[in-house]
Amino acid sequence: MNQIKTVKDLPKSERPYEKCMEHGPGVLSDAELLAVILKTGTKDLSSVELAREILTINKDYEGLIGIFHLSYEELLKIRGIGPVKAVQLLCLGELTKRMAKSTARERLSFSSPDTIADYFMEQLRHSDREKVMVLFFDGKHGLIKESMISMGTVNAAPSSPREVYLEALRVCAVYLILIHNHPSGNPTPSRQDIILTKRMKEAGEMIGIELSDHIIIGDQCYYSFREEHLVFS
């Protein structure tokens, strides 16, 4: 009877653990890195072979990026992936996002849209829904907090100036920056995006809290209303 395969069933020179200990994690392929997380395969596949299968299961986003776009239910449909492995993979994706965001925070600058886009890129570019985030800053341009104010559908995320500025007043913010993503990957602003930005800017001017920018996150790209002089003169 066939037994579930583990990395120990592979020749020593092909075992991810041994390769990592001898040469470092940089020499491991994506499949080998993933196999270390999975630990075991199935009765027909080694952990590395199972990892390769997972990396090609999403035809729209092959490779490691594909994991970001698989839900818990979709992962469970993969032969050899049970509840424990599904949760491990979801946590791996979330950990990756948080590590990228933590690194980007060190260079976050109120006056540099590219640093703000980097800060939110991994968190938002993989999302299949539009999410609206706000960064609240004090009078010295120090970040007070970040907040998600709405989550919508694939092409719309409802939000209103009222809820944004109520929170701004609550945390004593002087400036704020609006951020949202386009699941399509194209950050070009829509007519609704332009209308929202104008409303947010006008509402802020009325109460003395400045909307400094609106940044749209795409797939490894972004659009800054201020940089493009759209709405902001």
# chains A, B, ... in the order shown; residues from 1 in each chain; ligands from 1

call {"tool": "residues_around", "arguments": {"residues": "A:Ala35", "least_positions_apart": "4", "cutoff": "10 Å", "atoms": "only C-alpha atoms", "output": "JSON, numbers by chain"}}
result
{"A": [6, 7, 15, 16, 17, 29, 30, 31, 39, 40, 41, 46, 47, 48, 49, 50, 51, 52]}

call {"tool": "residues_around", "arguments": {"residues": "A:Leu178", "least_positions_apart": "4", "cutoff": "9 Å", "atoms": "only C-alpha atoms", "output": "list of chain:residue names"}}
result
A:Val132, A:Met133, A:Val134, A:Leu135, A:Thr197, A:Met200, A:Leu211, A:Ser212, A:Asp213, A:His214, A:Ile215, A:Ile216

call {"tool": "residues_around", "arguments": {"residues": "A:Tyr222", "least_positions_apart": "5", "cutoff": "9 Å", "atoms": "only C-alpha atoms", "output": "list of chain:residue names"}}
result
A:Pro113, A:Asp114, A:Ala117, A:Met121, A:Asn181, A:Asn186, A:Pro187, A:Thr188, A:Ile215, A:Ile216, A:Ile217

call {"tool": "residues_around", "arguments": {"residues": "A:Leu143", "least_positions_apart": "2", "cutoff": "12 Å", "atoms": "only C-alpha atoms", "output": "PyMOL selection string"}}
result
chain A and resi 105-106+108-111+116+134-141+145-147+171-177
